[in-house]
Amino acid sequence: MRETDDGLLFEKESARKKLEQVGRVIMVGSGKGGVGKSFVASGLAITLSRLGHRTGILDLDIHGASLPGYFGVSPPLTSTERGLKPKVKEGVEIMSVALFTGNRPVAVRGSEKQNLVNEVFALTDWGHLEYLVVDLPPTTGDEVLSAFELFGKKTGLILVTTPSPLAVSIVSRLRQLAKGEGIPVLGLVINMAYLKKGKRASFPFGRSDRPSMEKRLSTKIIAEIPLDEGVSSKGLARMLNGRNEISPEFKRIAAFVASS
Amino acid sequence: MHELSIAQSIIDYMVSEADKNGSKSVSEIQIEVGELMQVDLAGLKELVLLLMKGPRLEKCRVELSLKEAGFRCRKCGAAWDMKEARKQLEQTADSLLVREPDSKELPLHFLPSLYSSFLNCPKCGSADIAAESGEDIRIRRLVLE
């Protein structure tokens with residue numbers, strides 16, 4: 001016999017069980033805001049889905065969720081006896097706290113965030129997924145540590161940066177954290193790498209110093225994605241179908257993920 | 001309604017603890033369910049009993065109790081209970097963000113950790129509040145044979 005104080009029973013057990021139905025978890029993070037994590041995560045999820053993989057995406061940017069915007073989905077959610085039904089768009093199953101709270105602020109502190117990360121994953125009726133792409137928030141704090149703990153052995157991390165040395169130095173902190181927690185880093189995506197007007201390219205965030213970036217972050221560059229105003233005017237999903245310089249970069253990332 | 005998934009997780013927990021400890025059976029489990037989760041206790045117990053199959057679990061005595069929820073404002077220190085919180089949640093239910101046919105469930109049934117998005121301090125209005133009790137499910141006693 002034992003007296004216990006085992007808390008979070010439901011979330012932990014349910015999350016563990018749900019994870020059994022997921023083939024692989026690909027986390028996308030940088031530790032820094034404004035580098036395009038959600039853009040890269042969304043593009044990767046759509047591309048994996050179009051390649052025929054059953055794919056979900058989980059937004060863990062609790063305070064500043066932007067995934068619903070990229071996919072054009074909004075509340076309300078509906079529920080089943082197995083939990084909350086994710087929204088489905090572009091073949092991708094989508095879950096975000098913002099689909100639950102709408103425009104309400106999420107004033108959650110410290111350890112409550114760990115509960116929330118477990119709950120939002122565990123309460124979603126994902127079904128079987130080949131890939132779950134996780135959009136990490138711009139922090140090395142609670143949500144990221146909780147995601148590392150929750151997804152553990154099934155996960156790999158894709159780092160996202162801009163060419164800016166300042167961004168790279170902040171991304172290196174997440175790199176160190178991942179190393180310490182035993183989370184494998186799959187590779188690096190340089191976002192906003194250049195901007196093309198006609199045949200001329202400009203470099204608003206500087207030119208990428210590839211060898212120095214790879215050395216600093218101890219990983220290989222998988223893709224370099226340019227800035228393209230078509231993303232805001234046409235939408236990401238359409239851009240991924242079109243003839244442009246963004247679409248092949250996402251295919252490269254998806255192929256890399258599938259083969260790694 | 002997600003009592004079924006909660007019940008399944010309780011069964012999974014019992015099996016996993018019995019496995020870890022090399023036990024032949026589980027004879028008793030006491031579970032405390034936080035009021036904030038707004039779970040139907042009778043329905044949950046019925047589901048747990050229904051799912052307890054096989055020689056390891058079928059004789060297990062199941063006791064479920066409700067742990068009252070209590071809240072405190074981090075800004076002004078005011079304290080309040082679920083009765084007060086329910087008033088706010090019922091107002092929110094009019095613009096419920098989770099749709100379920102014929103359901104009168106309040107929003108926090110699904111993601112109780114988001115209570116601060118749906119509740120404010122009734123005294124000063126701050127959203128910087130803490131649930132001091134009754135926000136989760138806890139196993140209080142487990143008897144393995």
# chains A, B, ... in the order shown; residues from 1 in each chain; ligands from 1
>>> closest_atom_pairs(of="chain A", to="chain B", cutoff="10 Å", atoms="only C-alpha atoms", output="tab-separated table")
residue	atom	partner	partner_atom	distance
A:Met1	CA	B:Val143	CA	4.1
A:Arg2	CA	B:Leu142	CA	5.6
A:Glu3	CA	B:Arg141	CA	4.5
A:Thr4	CA	B:Arg140	CA	5.0
A:Asp5	CA	B:Arg140	CA	5.6
A:Asp6	CA	B:Ile139	CA	5.3
A:Gly7	CA	B:Arg138	CA	4.4
A:Leu8	CA	B:Ile137	CA	5.9
A:Leu9	CA	B:Ile137	CA	6.1
A:Phe10	CA	B:Ser9	CA	5.7
A:Glu11	CA	B:Ser9	CA	8.4
A:Lys12	CA	B:Ser9	CA	8.5
A:Glu13	CA	B:Ser9	CA	5.4
A:Ser14	CA	B:Ser9	CA	5.6
A:Ala15	CA	B:Ser9	CA	9.3
A:Arg16	CA	B:Ser9	CA	9.5
A:Lys17	CA	B:Ser9	CA	8.2
A:Ser74	CA	B:Leu97	CA	9.7
A:Pro75	CA	B:Leu97	CA	5.9
A:Pro76	CA	B:Leu97	CA	4.5
A:Leu77	CA	B:Val98	CA	4.7
A:Thr78	CA	B:Arg99	CA	4.8
A:Ser79	CA	B:Glu100	CA	5.9
A:Thr80	CA	B:Met1	CA	7.1
A:Glu81	CA	B:His2	CA	5.1
A:Arg82	CA	B:Ser5	CA	5.8
A:Gly83	CA	B:His2	CA	5.6
A:Leu84	CA	B:Phe110	CA	7.8
A:Lys85	CA	B:Val98	CA	9.7
A:Val97	CA	B:Leu114	CA	8.9
A:Leu99	CA	B:Leu97	CA	7.7
A:Phe100	CA	B:Leu97	CA	5.8
A:Thr101	CA	B:Ser117	CA	6.9
A:Gly102	CA	B:Leu97	CA	7.5
A:Asn103	CA	B:Ser117	CA	9.5
A:Arg104	CA	B:Ser117	CA	5.9
A:Pro105	CA	B:Ser117	CA	5.9
A:Val106	CA	B:Ser117	CA	5.2
A:Ala107	CA	B:Ser116	CA	5.8
A:Val108	CA	B:Ser116	CA	6.7
A:Arg109	CA	B:Asp128	CA	8.7
A:Ser111	CA	B:Ser113	CA	10.0
A:Glu112	CA	B:Ser113	CA	6.3
A:Lys113	CA	B:Ser113	CA	7.7
A:Gln114	CA	B:Ser113	CA	9.2
A:Asn115	CA	B:Ser113	CA	6.4
A:Leu116	CA	B:Ser113	CA	5.5
A:Val117	CA	B:Ser113	CA	9.3
A:Asn118	CA	B:Leu111	CA	9.8
A:Glu119	CA	B:Leu111	CA	6.3
A:Val120	CA	B:Leu111	CA	6.9
A:Ala122	CA	B:Ser5	CA	9.5
A:Leu123	CA	B:Phe110	CA	7.0
A:Thr124	CA	B:Phe110	CA	9.6
>>> residues_around(residues="B:Ala42", least_positions_apart="4", cutoff="9 Å", atoms="only C-alpha atoms", output="JSON, numbers by chain")
{"B": [46, 47, 64]}
>>> closest_atom_pairs(of="stretch 130-209 of chain A", to="stretch 28-41 of chain A", cutoff="9 Å", atoms="only C-alpha atoms", output="Markdown table")
| residue | atom | partner | partner_atom | distance |
| --- | --- | --- | --- | --- |
| A:Val133 | CA | A:Ala41 | CA | 6.5 |
| A:Val134 | CA | A:Val28 | CA | 6.0 |
| A:Asp135 | CA | A:Val28 | CA | 5.2 |
| A:Leu136 | CA | A:Gly29 | CA | 5.0 |
| A:Pro137 | CA | A:Gly29 | CA | 6.9 |
| A:Pro138 | CA | A:Gly31 | CA | 4.4 |
| A:Thr139 | CA | A:Gly31 | CA | 4.6 |
| A:Thr140 | CA | A:Gly31 | CA | 5.8 |
| A:Val144 | CA | A:Gly29 | CA | 8.8 |
| A:Gly156 | CA | A:Val28 | CA | 8.7 |
| A:Leu157 | CA | A:Val28 | CA | 5.8 |
| A:Ile158 | CA | A:Val28 | CA | 4.9 |
| A:Leu159 | CA | A:Gly29 | CA | 5.3 |
| A:Val160 | CA | A:Ser30 | CA | 5.1 |
| A:Thr161 | CA | A:Val35 | CA | 5.7 |
| A:Thr162 | CA | A:Val35 | CA | 5.8 |
| A:Ala167 | CA | A:Lys32 | CA | 6.8 |
| A:Val168 | CA | A:Ser30 | CA | 8.8 |
| A:Ile170 | CA | A:Lys32 | CA | 6.2 |
| A:Val171 | CA | A:Ser30 | CA | 5.0 |
| A:Ser172 | CA | A:Ser30 | CA | 8.3 |
| A:Arg173 | CA | A:Gly31 | CA | 7.2 |
| A:Leu174 | CA | A:Gly31 | CA | 5.5 |
| A:Arg175 | CA | A:Ser30 | CA | 8.3 |
| A:Val189 | CA | A:Val40 | CA | 8.3 |
| A:Ile190 | CA | A:Val35 | CA | 8.8 |
| A:Asn191 | CA | A:Gly36 | CA | 6.7 |
| A:Met192 | CA | A:Val35 | CA | 7.7 |
>>> residues_around(residues="A:Gly23", least_positions_apart="2", cutoff="9 Å", atoms="only C-alpha atoms", output="number ranges by chain")
A: 19-21, 25, 128-132, 154
>>> select_by_dssp(residues="stretch 24-137 of chain B", states="strand (DSSP E or B)", output="PyMOL selection string")
chain B and resi 26-34+61-67+70-73+79-81+98-99+129-133+137
>>> residues_around(residues="A:Leu44", least_positions_apart="3", cutoff="10 Å", atoms="only C-alpha atoms", output="list in words")
Ile26, Val28, Ser38, Phe39, Val40, Ala41, Thr47, Leu48, Ser49, Arg50, Thr55, Ile57, Val133, Leu240, Glu249, Phe250, Lys251, Arg252, Ile253, Ala254, Ala255 and Val257 of chain A
>>> closest_residue(among="A:Pro248, A:Gly72, A:Ala98, A:Ala65", to="A:Gly235", atoms="only C-alpha atoms")
A:Gly72
>>> atom_distance(atom1="atom CA of B:Glu90", atom2="atom CA of B:Ser133")
20.3 Å
>>> select_by_dssp(residues="chain B", states="alpha helix (DSSP H)", output="PyMOL selection string")
chain B and resi 3-20+41-51+82-93+115-118
>>> atom_distance(atom1="atom CA of A:Gly180", atom2="atom CA of A:Phe148")
10.7 Å
>>> residues_around(residues="B:Arg72", least_positions_apart="4", cutoff="9 Å", atoms="only C-alpha atoms", output="ChimeraX atom specification")
/B:76-81,121,129-132
>>> closest_residue(among="A:Leu60, A:Met27, A:Leu227, A:Ala237", to="A:Glu143", atoms="only C-alpha atoms")
A:Leu60
>>> atom_distance(atom1="atom CA of A:Gly242", atom2="atom CA of A:Ile225")
14.6 Å
>>> closest_residue(among="B:Cys60, B:Leu66, B:Cys73, B:Met14", to="B:Leu41", atoms="only C-alpha atoms")
B:Leu66
